[in-house]
$ cat entry-v1.csv   # CSV, C-alpha atoms
chain,number,residue,atom,x,y,z
A,13,MET,CA,-6.5,-18.1,15.3
A,14,LEU,CA,-7.9,-16.7,12.0
A,15,THR,CA,-7.1,-13.2,13.0
A,16,ALA,CA,-3.5,-14.2,13.6
A,17,ALA,CA,-3.4,-16.0,10.3
A,18,ALA,CA,-4.6,-12.8,8.5
A,19,ARG,CA,-1.7,-10.6,9.7
A,20,TYR,CA,0.5,-11.6,6.8
A,21,ASP,CA,-1.8,-9.8,4.3
A,22,ALA,CA,-0.7,-6.1,4.4
A,23,SER,CA,-3.1,-4.8,1.7
A,24,CYS,CA,-5.9,-3.6,4.0
A,25,ALA,CA,-5.2,0.2,4.4
A,26,SER,CA,-7.9,1.9,2.4
A,27,SER,CA,-10.0,5.0,2.0
A,28,GLY,CA,-12.0,6.8,-0.6
A,29,SER,CA,-15.4,5.1,-0.3
A,30,GLN,CA,-18.7,6.8,0.5
A,31,ARG,CA,-21.6,4.8,1.8
A,32,SER,CA,-24.5,6.0,3.8
A,33,GLY,CA,-28.2,5.3,4.5
A,34,PRO,CA,-30.5,3.7,7.0
A,35,GLY,CA,-28.8,0.8,8.7
A,36,VAL,CA,-25.5,0.1,10.5
A,37,GLY,CA,-22.2,1.9,9.7
A,38,ASN,CA,-21.2,4.8,7.6
A,39,THR,CA,-18.0,5.6,5.7
A,40,SER,CA,-19.1,8.9,4.2
A,41,VAL,CA,-17.1,11.2,6.6
A,42,SER,CA,-13.5,10.1,6.4
A,43,GLY,CA,-13.3,6.7,4.9
A,44,ILE,CA,-11.5,3.8,6.6
A,45,CYS,CA,-7.8,3.1,6.8
A,46,HIS,CA,-5.8,0.5,8.8
A,47,SER,CA,-4.2,2.9,11.2
A,48,TRP,CA,-5.2,6.6,10.8
A,49,SER,CA,-7.9,8.5,8.9
A,50,GLU,CA,-7.4,11.8,7.2
A,51,ASP,CA,-8.7,13.7,10.3
A,52,GLY,CA,-6.3,11.9,12.6
A,53,ARG,CA,-8.6,9.3,14.0
A,54,CYS,CA,-7.4,5.7,14.5
A,55,ILE,CA,-9.6,3.4,12.6
A,56,SER,CA,-9.7,-0.4,13.1
A,57,LEU,CA,-10.9,-3.2,10.8
A,58,LEU,CA,-11.9,-6.7,11.8
A,59,LYS,CA,-9.2,-8.4,9.8
A,60,ILE,CA,-9.7,-12.2,9.5
A,61,LEU,CA,-9.4,-15.2,7.3
A,62,MET,CA,-12.6,-17.1,6.5
A,63,THR,CA,-10.5,-20.2,6.7
A,64,ASN,CA,-6.8,-21.1,7.0
A,65,HIS,CA,-7.4,-24.4,5.2
A,66,CYS,CA,-5.7,-24.2,1.8
A,67,ILE,CA,-5.3,-26.5,-1.2
A,68,PHE,CA,-2.1,-24.6,-2.3
A,69,ASP,CA,1.4,-25.3,-1.0
A,70,CYS,CA,3.2,-21.9,-1.4
A,71,ALA,CA,6.7,-22.1,0.0
A,72,TYR,CA,6.4,-18.7,1.8
A,73,CYS,CA,3.0,-19.1,3.4
A,74,ALA,CA,2.3,-20.1,7.0
A,75,ASN,CA,-1.0,-21.6,6.0
A,76,ARG,CA,0.3,-23.8,3.2
A,77,ARG,CA,-1.2,-27.2,2.8
A,78,SER,CA,2.0,-29.1,4.0
A,79,ASN,CA,2.3,-27.2,7.3
A,80,ASP,CA,1.2,-29.0,10.4
A,81,VAL,CA,-0.8,-26.1,12.0
A,82,PRO,CA,-4.1,-25.9,13.7
A,83,ARG,CA,-6.9,-25.3,11.1
A,84,ALA,CA,-10.2,-23.6,11.5
A,85,SER,CA,-13.0,-22.1,9.5
A,86,PHE,CA,-15.9,-19.6,9.9
A,87,THR,CA,-19.3,-20.1,8.5
A,88,PRO,CA,-20.7,-17.1,6.6
A,89,GLU,CA,-23.2,-16.6,9.4
A,90,GLU,CA,-20.4,-16.4,12.0
A,91,VAL,CA,-18.5,-13.7,10.1
A,92,VAL,CA,-21.7,-11.7,9.7
A,93,LYS,CA,-22.5,-11.9,13.4
A,94,LEU,CA,-18.9,-11.0,14.4
A,95,THR,CA,-18.8,-8.0,12.2
A,96,VAL,CA,-22.2,-6.6,13.2
A,97,GLU,CA,-21.7,-7.3,17.0
A,98,PHE,CA,-18.1,-5.9,17.0
A,99,TYR,CA,-19.4,-2.8,15.2
A,100,LYS,CA,-22.2,-2.2,17.7
A,101,ARG,CA,-19.7,-2.5,20.5
A,102,ASN,CA,-17.5,0.1,18.8
A,103,TYR,CA,-14.6,-2.3,18.4
A,104,ILE,CA,-14.4,-1.8,14.6
A,105,GLU,CA,-15.6,0.3,11.8
A,106,GLY,CA,-15.2,-2.1,8.9
A,107,LEU,CA,-14.2,-5.6,7.7
A,108,PHE,CA,-11.2,-6.9,5.9
A,109,LEU,CA,-12.0,-10.4,4.7
A,110,SER,CA,-9.5,-12.8,3.2
A,111,SER,CA,-9.3,-16.6,3.0
A,112,GLY,CA,-7.3,-19.6,2.3
A,113,ILE,CA,-8.5,-21.4,-0.8
A,114,TRP,CA,-10.7,-24.4,0.3
A,115,PRO,CA,-12.0,-26.6,-1.3
A,116,SER,CA,-11.8,-24.7,-4.6
A,117,PRO,CA,-11.4,-21.0,-5.8
A,118,GLN,CA,-15.1,-20.9,-6.8
A,119,GLU,CA,-16.5,-22.4,-3.6
A,120,THR,CA,-14.3,-20.1,-1.5
A,121,MET,CA,-15.4,-17.0,-3.4
A,122,GLU,CA,-19.1,-18.1,-3.2
A,123,ARG,CA,-18.9,-18.2,0.6
A,124,MET,CA,-17.1,-14.9,0.9
A,125,LEU,CA,-19.8,-13.4,-1.4
A,126,ALA,CA,-22.5,-14.8,0.8
A,127,ILE,CA,-20.9,-12.9,3.7
A,128,VAL,CA,-20.8,-9.5,2.1
A,129,ARG,CA,-24.3,-10.0,0.5
A,130,THR,CA,-25.8,-10.7,3.9
A,131,LEU,CA,-24.0,-7.8,5.5
A,132,ARG,CA,-25.2,-5.3,2.9
A,133,ARG,CA,-28.7,-6.5,2.1
A,134,GLU,CA,-30.0,-8.2,5.3
A,135,GLU,CA,-28.0,-6.4,8.0
A,136,LYS,CA,-27.9,-3.1,6.1
A,137,PHE,CA,-24.3,-2.7,7.1
A,138,HIS,CA,-22.8,0.4,5.5
A,139,GLY,CA,-19.4,0.2,7.1
A,140,TYR,CA,-16.2,-0.3,5.0
A,141,ILE,CA,-15.6,-3.8,3.5
A,142,HIS,CA,-12.4,-4.8,1.8
A,143,LEU,CA,-12.5,-8.2,0.1
A,144,LYS,CA,-9.7,-10.3,-1.0
A,145,ALA,CA,-10.6,-11.6,-4.5
A,146,ILE,CA,-9.7,-15.2,-5.1
A,147,PRO,CA,-7.7,-15.9,-8.3
A,148,GLY,CA,-9.4,-18.5,-10.4
A,149,ALA,CA,-12.9,-17.7,-9.2
A,150,PRO,CA,-15.5,-17.1,-12.0
A,151,PRO,CA,-15.8,-13.6,-13.3
A,152,ASP,CA,-19.5,-13.3,-12.4
A,153,LEU,CA,-18.7,-13.8,-8.7
A,154,LEU,CA,-16.1,-11.1,-8.9
A,155,HIS,CA,-18.7,-8.8,-10.6
A,156,GLN,CA,-21.2,-9.4,-7.8
A,157,ALA,CA,-18.6,-8.8,-5.1
A,158,GLY,CA,-17.5,-5.6,-6.7
A,159,GLU,CA,-21.0,-4.1,-6.4
A,160,LEU,CA,-21.2,-4.9,-2.7
A,161,VAL,CA,-17.7,-4.0,-1.3
A,162,ASP,CA,-15.7,-0.9,-1.1
A,163,ARG,CA,-12.3,-2.2,-2.2
A,164,LEU,CA,-11.1,-5.4,-3.9
A,165,SER,CA,-7.6,-6.7,-3.8
A,166,VAL,CA,-5.8,-9.4,-5.8
A,167,ASN,CA,-2.4,-10.2,-4.4
A,168,ILE,CA,0.4,-10.8,-6.8
A,169,GLU,CA,2.7,-11.7,-3.9
A,170,LEU,CA,5.8,-12.6,-5.9
A,171,PRO,CA,7.5,-10.1,-8.2
A,172,SER,CA,8.2,-12.3,-11.2
A,173,GLU,CA,6.7,-15.2,-13.0
A,174,ALA,CA,9.9,-17.2,-12.5
A,175,SER,CA,9.6,-16.8,-8.7
A,176,LEU,CA,5.9,-17.7,-8.9
A,177,LYS,CA,6.7,-21.0,-10.6
A,178,THR,CA,9.4,-21.8,-8.1
A,179,LEU,CA,7.7,-20.8,-4.8
A,180,ALA,CA,4.0,-21.1,-5.7
A,181,PRO,CA,3.8,-23.6,-8.6
A,182,GLN,CA,0.0,-24.0,-8.3
A,183,LYS,CA,-0.5,-20.3,-9.0
A,184,HIS,CA,-0.3,-18.8,-12.4
A,185,LYS,CA,0.4,-15.3,-13.6
A,186,ALA,CA,-2.7,-15.3,-15.9
A,187,SER,CA,-5.1,-16.3,-13.1
A,188,ILE,CA,-3.8,-13.3,-11.0
A,189,LEU,CA,-3.7,-10.6,-13.8
A,190,ALA,CA,-7.1,-11.6,-15.3
A,191,PRO,CA,-9.2,-10.5,-12.2
A,192,MET,CA,-7.1,-7.4,-11.8
A,193,GLY,CA,-7.9,-6.5,-15.4
A,194,GLN,CA,-11.6,-7.3,-14.9
A,195,ILE,CA,-11.8,-5.1,-11.8
A,196,ALA,CA,-10.1,-2.2,-13.5
A,197,GLN,CA,-12.4,-2.4,-16.5
A,198,GLU,CA,-15.5,-2.7,-14.3
A,199,ILE,CA,-14.6,0.3,-12.3
A,200,VAL,CA,-14.3,2.4,-15.4
A,201,THR,CA,-17.5,1.0,-16.9
A,202,HIS,CA,-19.6,1.6,-13.7
A,203,LYS,CA,-18.2,5.2,-13.4
A,204,GLU,CA,-19.4,5.9,-17.0
A,205,GLU,CA,-22.8,4.4,-16.3
A,206,ARG,CA,-23.2,6.6,-13.2
A,207,ARG,CA,-22.5,9.7,-15.3
A,208,VAL,CA,-25.6,8.8,-17.2
A,209,LEU,CA,-27.7,7.3,-14.4
A,210,ARG,CA,-26.9,8.3,-10.8
A,211,THR,CA,-28.8,5.3,-9.4
A,212,ALA,CA,-26.5,2.8,-11.3
A,213,PRO,CA,-24.5,0.7,-8.8
A,214,ARG,CA,-21.0,1.6,-7.8
A,215,PHE,CA,-18.2,-1.0,-8.4
A,216,ALA,CA,-15.4,-1.1,-5.7
A,217,PRO,CA,-15.6,2.7,-5.2
A,218,ALA,CA,-12.4,2.7,-3.2
A,219,GLY,CA,-10.5,0.9,-6.1
A,220,GLN,CA,-8.3,-2.1,-6.0
A,221,SER,CA,-4.9,-2.8,-4.5
A,222,THR,CA,-2.3,-5.6,-4.4
A,223,GLN,CA,0.5,-6.9,-2.3
A,224,LEU,CA,4.1,-7.9,-3.1
A,225,ILE,CA,6.3,-9.9,-0.7
A,226,ILE,CA,9.8,-8.5,-0.4
A,227,GLY,CA,12.7,-10.8,0.3
A,228,ALA,CA,11.3,-14.3,-0.3
A,229,SER,CA,12.6,-14.3,-3.9
A,230,PRO,CA,15.8,-12.8,-5.4
A,231,GLU,CA,14.3,-9.8,-7.4
A,232,SER,CA,16.0,-6.4,-7.0
A,233,ASP,CA,14.4,-3.3,-5.8
A,234,ARG,CA,14.5,-2.0,-9.4
A,235,GLN,CA,12.6,-5.0,-10.7
A,236,ILE,CA,10.0,-4.7,-8.0
A,237,LEU,CA,9.5,-0.9,-8.6
A,238,GLN,CA,9.2,-1.5,-12.4
A,239,LEU,CA,6.5,-4.1,-11.8
A,240,SER,CA,4.7,-1.7,-9.4
A,241,LYS,CA,4.8,1.2,-11.9
A,242,GLY,CA,3.5,-1.1,-14.6
A,243,LEU,CA,0.6,-2.2,-12.4
A,244,TYR,CA,-0.3,1.4,-11.5
A,245,ASP,CA,-0.3,2.3,-15.2
A,246,LYS,CA,-2.2,-0.7,-16.5
A,247,PHE,CA,-4.7,-1.3,-13.8
A,248,ASP,CA,-5.0,2.1,-12.1
A,249,LEU,CA,-4.3,0.6,-8.7
A,250,LYS,CA,-4.8,2.7,-5.6
A,251,ARG,CA,-1.9,1.1,-3.8
A,252,VAL,CA,0.8,-1.5,-4.0
A,253,TYR,CA,1.6,-2.8,-0.6
A,254,TYR,CA,5.0,-4.2,0.2
A,255,SER,CA,5.4,-6.8,2.9
A,256,ALA,CA,8.8,-7.9,4.2
A,257,TYR,CA,9.0,-11.7,4.1
A,258,ILE,CA,8.5,-13.2,7.5
A,259,PRO,CA,10.5,-16.4,7.7
A,260,VAL,CA,7.8,-18.8,8.9
A,261,ASN,CA,8.9,-21.9,6.9
A,262,GLN,CA,12.1,-23.8,6.4
A,263,ASP,CA,12.3,-24.3,2.6
A,264,ALA,CA,15.4,-24.5,0.4
A,265,ARG,CA,13.6,-22.6,-2.3
A,266,LEU,CA,13.3,-19.5,-0.2
A,267,GLN,CA,15.9,-16.7,0.3
A,268,THR,CA,17.8,-17.0,3.6
A,269,ALA,CA,16.4,-14.6,6.2
A,270,ASP,CA,16.5,-14.6,10.0
A,271,LYS,CA,14.0,-11.8,10.4
A,272,PRO,CA,11.9,-9.5,8.2
A,273,ASP,CA,13.9,-6.9,6.3
A,274,LEU,CA,11.8,-4.0,7.6
A,275,LEU,CA,14.3,-1.4,6.4
A,276,ARG,CA,14.0,-2.6,2.8
A,277,GLU,CA,10.2,-2.6,3.1
A,278,HIS,CA,10.4,1.0,4.4
A,279,ARG,CA,12.6,2.1,1.5
A,280,MET,CA,10.3,0.5,-1.0
A,281,TYR,CA,7.3,2.5,0.3
A,282,GLN,CA,9.4,5.7,0.1
A,283,ALA,CA,10.3,5.0,-3.5
A,284,ASP,CA,6.8,4.0,-4.3
A,285,TRP,CA,5.5,7.3,-3.1
A,286,LEU,CA,8.1,9.2,-5.1
A,287,VAL,CA,7.1,7.4,-8.3
A,288,ARG,CA,3.4,7.6,-7.6
A,289,LEU,CA,3.0,11.1,-6.2
A,290,TYR,CA,6.2,13.1,-6.8
A,291,GLY,CA,6.8,12.6,-10.5
A,292,PHE,CA,10.0,10.5,-10.2
A,293,GLU,CA,10.8,7.8,-12.7
A,294,VAL,CA,11.9,4.4,-11.5
A,295,GLU,CA,15.2,4.8,-13.4
A,296,GLN,CA,15.9,8.0,-11.5
A,297,LEU,CA,15.9,6.1,-8.2
A,298,VAL,CA,17.4,2.7,-9.2
A,299,ASP,CA,19.1,1.9,-12.5
A,300,GLU,CA,20.9,-1.1,-14.0
A,301,ALA,CA,24.2,-0.1,-12.4
A,302,SER,CA,22.6,0.5,-8.9
A,303,PRO,CA,19.5,-1.8,-8.7
A,304,GLN,CA,19.1,-1.6,-5.0
A,305,LEU,CA,17.8,1.3,-2.9
A,306,ASP,CA,20.3,2.9,-0.5
A,307,ARG,CA,19.9,1.5,3.1
A,308,GLU,CA,21.3,4.6,4.8
A,309,LEU,CA,19.5,7.3,2.9
A,310,ASP,CA,15.9,7.7,1.8
A,311,PRO,CA,15.5,7.6,-2.1
A,312,LYS,CA,14.9,11.4,-2.5
A,313,ALA,CA,18.0,12.3,-0.5
A,314,MET,CA,20.0,9.8,-2.6
A,315,TRP,CA,18.7,11.3,-5.8
A,316,ALA,CA,19.6,14.8,-4.5
A,317,LEU,CA,23.2,13.8,-3.8
A,318,ARG,CA,23.5,12.3,-7.3
A,319,HIS,CA,22.3,15.6,-8.9
A,320,PRO,CA,24.2,18.5,-7.1
A,321,HIS,CA,23.8,20.7,-10.2
A,322,TYR,CA,20.0,20.8,-9.5
A,323,PHE,CA,20.6,22.7,-6.3
A,324,PRO,CA,20.3,25.1,-4.5
A,325,LEU,CA,16.8,26.1,-5.4
A,326,ASP,CA,15.5,29.6,-4.8
A,327,VAL,CA,12.5,29.3,-2.6
A,328,GLN,CA,11.0,32.4,-4.1
A,329,ARG,CA,11.3,31.3,-7.8
A,330,ALA,CA,11.5,27.5,-7.9
A,331,SER,CA,8.4,25.8,-9.3
A,332,TYR,CA,6.2,23.4,-7.2
A,333,GLU,CA,7.5,20.5,-9.3
A,334,GLN,CA,11.1,21.5,-8.5
A,335,LEU,CA,10.4,22.0,-4.8
A,336,ILE,CA,8.9,18.6,-4.1
A,337,ARG,CA,12.3,17.1,-5.2
A,338,VAL,CA,14.0,18.8,-2.2
A,339,PRO,CA,14.7,16.5,0.8
A,340,GLY,CA,12.7,17.7,3.7
A,341,LEU,CA,9.9,19.1,1.6
A,342,GLY,CA,6.7,17.2,1.1
A,343,LEU,CA,3.7,17.8,-1.1
A,344,ARG,CA,1.9,19.8,1.6
A,345,SER,CA,4.8,22.0,2.6
A,346,ALA,CA,5.7,22.7,-1.0
A,347,ARG,CA,2.1,23.9,-1.6
A,348,ARG,CA,2.2,26.0,1.4
A,349,LEU,CA,5.5,27.6,0.4
A,350,VAL,CA,4.3,28.4,-3.1
A,351,SER,CA,1.1,29.9,-1.7
A,352,ALA,CA,2.9,32.0,1.0
A,353,ARG,CA,5.5,33.5,-1.3
A,354,ARG,CA,2.8,35.2,-3.3
A,355,PHE,CA,2.4,37.7,-0.4
A,356,GLY,CA,6.0,38.6,0.0
A,357,HIS,CA,9.6,37.4,0.2
A,358,LEU,CA,10.2,34.4,2.4
A,359,ARG,CA,12.9,34.3,5.1
A,360,TRP,CA,14.8,31.4,6.5
A,361,GLU,CA,12.8,31.6,9.8
A,362,ASP,CA,9.5,31.4,7.8
A,363,LEU,CA,10.2,28.0,6.3
A,364,PRO,CA,9.8,25.8,9.5
A,365,ARG,CA,6.4,27.3,10.0
A,366,LEU,CA,5.4,26.2,6.5
A,367,GLY,CA,6.4,22.6,7.4
A,368,VAL,CA,9.9,22.5,5.9
A,369,VAL,CA,12.2,20.1,7.7
A,370,MET,CA,15.2,22.4,7.9
A,371,LYS,CA,17.8,19.9,9.1
A,372,ARG,CA,17.6,18.3,5.7
A,373,ALA,CA,16.2,20.9,3.3
A,374,ARG,CA,18.5,23.8,4.2
A,375,PHE,CA,21.4,22.2,2.3
A,376,PHE,CA,19.4,22.3,-1.0
A,377,LEU,CA,17.7,25.7,-0.8
A,378,SER,CA,18.6,29.4,-1.1
A,379,CYS,CA,16.5,32.1,0.5
A,380,THR,CA,16.7,35.8,-0.4
A,381,GLY,CA,19.8,34.9,-2.5
A,382,ARG,CA,21.6,33.3,0.5
A,383,THR,CA,22.5,29.8,1.4
A,384,PRO,CA,23.4,28.6,4.9
A,385,ASP,CA,26.9,29.8,6.0
A,386,ARG,CA,28.5,26.5,5.3
A,387,VAL,CA,27.0,23.8,3.1
A,388,PRO,CA,28.8,20.4,3.4
A,389,ALA,CA,29.4,18.6,0.1
A,390,GLY,CA,30.0,15.1,-1.1
A,391,THR,CA,30.7,12.5,1.6
A,392,GLU,CA,30.3,15.0,4.4
A,393,LEU,CA,26.8,15.9,3.3
A,394,ARG,CA,25.9,12.2,2.9
A,395,GLN,CA,27.1,11.6,6.5
A,396,HIS,CA,25.1,14.5,7.8
A,397,LEU,CA,21.9,13.3,6.1
A,398,ALA,CA,22.4,9.7,7.2
A,399,LYS,CA,22.9,10.8,10.8
A,400,ALA,CA,19.5,12.5,10.7
A,401,GLU,CA,17.9,9.2,9.8
A,402,LYS,CA,19.9,7.0,12.1
A,403,GLN,CA,17.5,6.8,15.0
A,404,ALA,CA,14.5,5.9,12.8
A,405,LEU,CA,16.6,3.3,11.0
A,406,THR,CA,17.6,1.8,14.3
A,407,GLN,CA,14.0,1.5,15.4
A,408,LEU,CA,13.2,-0.4,12.1
A,409,GLU,CA,16.1,-2.7,12.3
A,410,PHE,CA,15.4,-3.8,15.9
A,411,ALA,CA,11.6,-3.8,15.7
A,412,TRP,CA,11.8,-7.6,15.7
$ encode --input "entry-v1.csv" --output "structure tokens"
Amino acid sequence: MLTAAARYDASCASSGSQRSGPGVGNTSVSGICHSWSEDGRCISLLKILMTNHCIFDCAYCANRRSNDVPRASFTPEEVVKLTVEFYKRNYIEGLFLSSGIWPSPQETMERMLAIVRTLRREEKFHGYIHLKAIPGAPPDLLHQAGELVDRLSVNIELPSEASLKTLAPQKHKASILAPMGQIAQEIVTHKEERRVLRTAPRFAPAGQSTQLIIGASPESDRQILQLSKGLYDKFDLKRVYYSAYIPVNQDARLQTADKPDLLREHRMYQADWLVRLYGFEVEQLVDEASPQLDRELDPKAMWALRHPHYFPLDVQRASYEQLIRVPGLGLRSARRLVSARRFGHLRWEDLPRLGVVMKRARFFLSCTGRTPDRVPAGTELRQHLAKAEKQALTQLEFAW
């Protein structure tokens, strides 16, 4: 029951922590992520709520106070036993622990802290732990938790203060942003202390993350991406997770939805990666005139179609920063291309071996001074690129 109740929290894919020593568990090799590690291994977390009792009545939440659903709670001892026993049976390699707020933010955080403290200090558990920080809990509890876990997350959930007041009136913007600010500052402070004294404790070494629910409230993609960019800049977040709203409640305050908009969620992730890793600005992807991401094309392809003067790029001369803006070229394939061309001129047949997706990239590149025999333009090129994505889009639309 409490595993099923935790599935609505998407912010549990994590890596970047290193813990080792005598005891149980070790994250020093490849870290932990929700699905796949960097070396290709599938990694699993025990993902549970400590309780699905909650004093809040958020319109979008399956566990809200007014819902007539079965309720249950774990004791701290039960969560510790589950985690250790599941690890010993090779079921899991880490723990993601969240909770409804019951009977108060402070008491909830105290019980969650008791769990991670027992795991670390008594059970000597060195596996990955991601803890959901409870807004409204005292700062000293957050400080203690940060020195024990690998990642902390504080979920914003709704993209604007207006939506928060409408759909979750018991939650307040300040109570959410304050712990995010504390976590960001403590991470910096502890890193500085460790430069002076290597035995100083780490604080949330895998950083912090947050989650935004997409589709429960009326904000545009542009508003959501601007918020995400601001959070990355201000709090140095590792990730913002986007979760398509699952219509679990009947409530007039919510946007109408028959099923989760998985395609919109997918596009938000694509745009987030472009802003976070590829050097794009939010306004280059969505602006005031077009505040929504294109549903047929990924954001990079849409940007390329809007900037035909930028192309074609010569694979022998274009900079790395220019190449990563080409549809069909990722960060790794661009690095490979830049490295390979130092040893000689590249040919068209060399590009697929470097990881270039030719069915998309060939329309935006030139090689040895030549472009493909016929490059479609305008509407025809858009149709061609959209066709290449059609199968994946169909899988997303009908996943439910």
$ atom_distance --input "entry-v1.csv" --atom1 "atom CA of A:Ile168" --atom2 "atom CA of A:Pro82"
25.9 Å
$ atom_distance --input "entry-v1.csv" --atom1 "atom CA of A:Leu393" --atom2 "atom CA of A:Pro364"
20.6 Å
$ closest_residue --input "entry-v1.csv" --among "A:Ala174, A:Asp69, A:His357, A:Ser165" --to "A:Tyr253" --atoms "all atoms listed in the file"
A:Ser165
$ residues_around --input "entry-v1.csv" --residues "A:Ile67" --least-positions-apart "3" --cutoff "12 Å" --atoms "only C-alpha atoms" --output "PyMOL selection string"
chain A and resi 63-64+70+75-79+111-117+120+180+182-183
$ residues_around --input "entry-v1.csv" --residues "A:Ala71" --least-positions-apart "5" --cutoff "8 Å" --atoms "all atoms listed in the file" --output "list in words"
Arg76, Leu179, Ala180, Asn261, Asp263, Arg265 and Leu266 of chain A
$ closest_residue --input "entry-v1.csv" --among "A:Lys203, A:Leu61, A:Arg394, A:Arg354" --to "A:Arg19" --atoms "all atoms listed in the file"
A:Leu61
$ atom_distance --input "entry-v1.csv" --atom1 "atom CA of A:Met370" --atom2 "atom CA of A:Ser331"
18.8 Å
$ residues_around --input "entry-v1.csv" --residues "A:His142" --least-positions-apart "3" --cutoff "6 Å" --atoms "only C-alpha atoms" --output "number ranges by chain"
A: 108, 162-164
$ residues_around --input "entry-v1.csv" --residues "A:Met280" --least-positions-apart "5" --cutoff "8 Å" --atoms "only C-alpha atoms" --output "list of chain:residue names"
A:Asp233, A:Leu237, A:Tyr254, A:Leu305
$ closest_residue --input "entry-v1.csv" --among "A:Ala228, A:Leu377, A:Leu297, A:Leu125" --to "A:Gly158" --atoms "only C-alpha atoms"
A:Leu125
$ residues_near_point --input "entry-v1.csv" --point "(-10.5, -4.1, -12.5)" --cutoff "12 Å" --atoms "all atoms listed in the file" --output "PyMOL selection string"
chain A and resi 145+151+154-155+157-158+163-166+188-202+215-222+243-244+246-250
$ closest_residue --input "entry-v1.csv" --among "A:Leu94, A:Glu231, A:Gly139, A:His65" --to "A:Asp80" --atoms "all atoms listed in the file"
A:His65
$ residues_around --input "entry-v1.csv" --residues "A:Glu97" --least-positions-apart "5" --cutoff "12 Å" --atoms "only C-alpha atoms" --output "PyMOL selection string"
chain A and resi 36-37+58+90-92+102-106+131+135+137
$ closest_residue --input "entry-v1.csv" --among "A:Ala346, A:Ala22, A:Val252, A:Ala264" --to "A:Val287" --atoms "all atoms listed in the file"
A:Val252
$ closest_residue --input "entry-v1.csv" --among "A:Met121, A:Ile226, A:Val338, A:Ala186" --to "A:Ser255" --atoms "all atoms listed in the file"
A:Ile226
